[in-house]
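**Q** Before I ask anything, let me first share the structure, which is written out below as structure tokens.
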Amino acid sequence: MYLRARIEILSCLLLLALAASAAAQQHIEFQRQKFDRSRFDRPDPTARPSASESPAPAAEPAAKPVGAFAPAAPAPMPTEPPAASSSSVFAYSNAPAETPASAPAAAAATNTAIFSADSVLPSGPPPASYPPDATPEEKAAIDTPLFDQVPAKWFRDPDDYPELLALQKKTGACLLVYFKNPSVPNEKGLCSWFEKSITTDIDWRKAMKYFIKLEITFPGGSVVRDLAAEFKAVKTPGIYIVKPGSTMKNRILVFDYPPGGGRPTPIDVPVVLQNVKTRCTPAYQNLF
């Protein structure tokens, strides 16, 4: 009886122990851990590193044996040059190169102006050129010649040439010099044709009133020879235009001479007058 009672007591205690164990498994209490702030603290820069943190010293190279040759150090491998940086901050280093722009189209052959399309091209005669020592009065006479003081007649004395140059300087008119040679048969005929065909033309006569005119006949004395050398007059008829104050003598052709000889061909009066006009000062461009 007593033994049975003890067995029952032990059974009850065992059941109580099992019940307590099951309750402990159902209620687990987590232990709160303390927050470690040392992980976020910055180290003191003045503090010296510990022996464990100091870097290990580099190993000393082995001593080279006496009389032995050390192996050659390997040559450094060449490195690729860095890619050229793009001028734009938005460009990529591996962007393809830009293709060159096509060349501009050539200008039209007919466009010979040196100004832009919106510019107004100059028109009219070129500006007048003045002698280096010209006075304001002489420049004004060149711009606006005093044609009312130009004699209508032809001068035929070669000694009048210096006087005519002075008259030209005063009036600003151009000088026309005509060389003729009636002593040479073929030149005599050409001079005769010029005098009968061109000098009698109404347009020529109207134009001549704006010129100081001098006629020189070959052969002659020293004055004629000097004038022929100055004008380089060889064949006649020889017609020359002299601007005021200019040393240049511009010859006007009234015949076309074929190469290699042959019969000369007369030039039309309008063409002759146009050639005369182009060798005069700008004041003559709209007179005839």
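Residues are referred to by chain and number: the chain letter is A, B, ... according to the order shown in the structure tokens, the number counts from 1 in that chain, and ligands are numbered separately from 1 in the order shown.
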Give me, as a tab-separated table, the closest atom pair and its distance (Å, one decimal) for every residue of range 137-167 of chain A within a cut-off of 9 Å of range 219-230 of chain A, counting only C-alpha atoms, rows sorted by chain and rising number.
**A**
residue	atom	partner	partner_atom	distance
A:Pro158	CA	A:Val224	CA	6.4
A:Asp159	CA	A:Val223	CA	7.1
A:Tyr161	CA	A:Leu227	CA	8.9
**Q** Output N, CA and C atoms of each residue in that selection to a file, as a compact mmCIF listing (two decimals), in the first residue's frame.
**A**
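Written output follows (selection.txt):
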# COMPACT_ATOMS: atom_id res chain seq x y z
N PRO A 158 54.39 122.61 -134.21
CA PRO A 158 54.90 121.77 -133.10
C PRO A 158 55.46 122.60 -131.95
N ASP A 159 55.85 123.86 -132.23
CA ASP A 159 56.35 124.70 -131.15
C ASP A 159 55.24 125.09 -130.17
N TYR A 161 53.36 123.03 -128.63
CA TYR A 161 53.10 121.91 -127.69
C TYR A 161 53.24 122.33 -126.22
**Q** Near Phe147 in chain A, within 9 Å and counting only C-alpha atoms, which residues show up once chain neighbours fewer than 6 positions away are dropped, as an MDAnalysis selection string?
**A** chainID A and resid 171:173 209:211
**Q** Take the residues from that selection and write them out as a CSV table (one decimal), in the first residue's frame, keeping N, CA and C atoms.
**A**
chain,number,residue,atom,x,y,z
A,171,THR,N,42.6,124.2,-118.1
A,171,THR,CA,41.3,123.9,-118.4
A,171,THR,C,40.9,122.5,-117.9
A,172,GLY,N,41.8,121.6,-117.7
A,172,GLY,CA,41.5,120.2,-117.3
A,172,GLY,C,41.0,119.4,-118.5
A,173,ALA,N,41.2,119.8,-119.7
A,173,ALA,CA,40.8,119.1,-120.9
A,173,ALA,C,41.9,118.2,-121.4
A,209,LYS,N,35.2,118.9,-130.1
A,209,LYS,CA,35.2,120.3,-129.5
A,209,LYS,C,35.5,120.2,-128.0
A,210,TYR,N,35.6,119.0,-127.4
A,210,TYR,CA,36.0,118.9,-126.0
A,210,TYR,C,37.5,118.6,-125.8
A,211,PHE,N,38.3,118.7,-127.0
A,211,PHE,CA,39.7,118.4,-126.9
A,211,PHE,C,40.6,119.5,-127.4
**Q** Please compute the CA of Lys235 in chain A-CA of Val184 in chain A distance, one decimal, in Å.
**A**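 It comes out at 10.0 Å.
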**Q** If we count only C-alpha atoms, what is near Lys249 in chain A at a cut-off of 10 Å, once residues fewer than 2 positions away on the same chain are taken out, given as a list in words?
**A**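 Using only C-alpha atoms, the neighbours found are Leu175, Leu176, Val177, Glu230, Phe231, Lys232, Ile239, Tyr240, Ile241, Val242, Lys243, Ser246, Thr247, Arg251, Ile252 and Arg279 of chain A.
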**Q** Which value, in Å to one decimal, gives the distance between CA of Pro244 in chain A and CA of Ile142 in chain A?
**A** 7.2 Å
**Q** Could you tell me, as JSON, numbers by chain, which residues of range 187-257 of chain A DSSP assigns to strand (DSSP E) when given the backbone?
**A** {"A": [211, 212, 213, 214, 215, 216, 217, 238, 239, 240, 241, 242, 250, 251, 252, 255, 256]}
**Q** So, with only C-alpha atoms as the atoms that count, which of A:Thr199, A:Glu138, A:Leu190, A:Val271 lies closest to Tyr257 in chain A?
**A** A:Leu190
**Q** Pick out the residues sitting within 9 Å of Gly245 in chain A, and hand them over as a list of chain:residue names; count only C-alpha atoms, and ignore anything fewer than 5 positions along from it in its own chain.
**A**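 Near Gly245 in chain A, the qualifying residues are A:Tyr130, A:Pro131, A:Pro132, A:Asp133, A:Ala134, A:Leu165, A:Gln168, A:Lys169, A:Gly172.
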**Q** Suppose you want the space between CA of Thr217 in chain A and CA of Asn181 in chain A; what is it in Å?
**A**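 A separation of 5.8 Å between them.
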**Q** Show which residues sit within 9 Å of Asp203 in chain A, as a list in words. Count only C-alpha atoms, and ignore same-chain residues fewer than 3 positions away.
**A**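 The filter keeps Thr200, Lys206, Ala207, Met208, Val269, Pro270, Leu273 and Phe288 of chain A.
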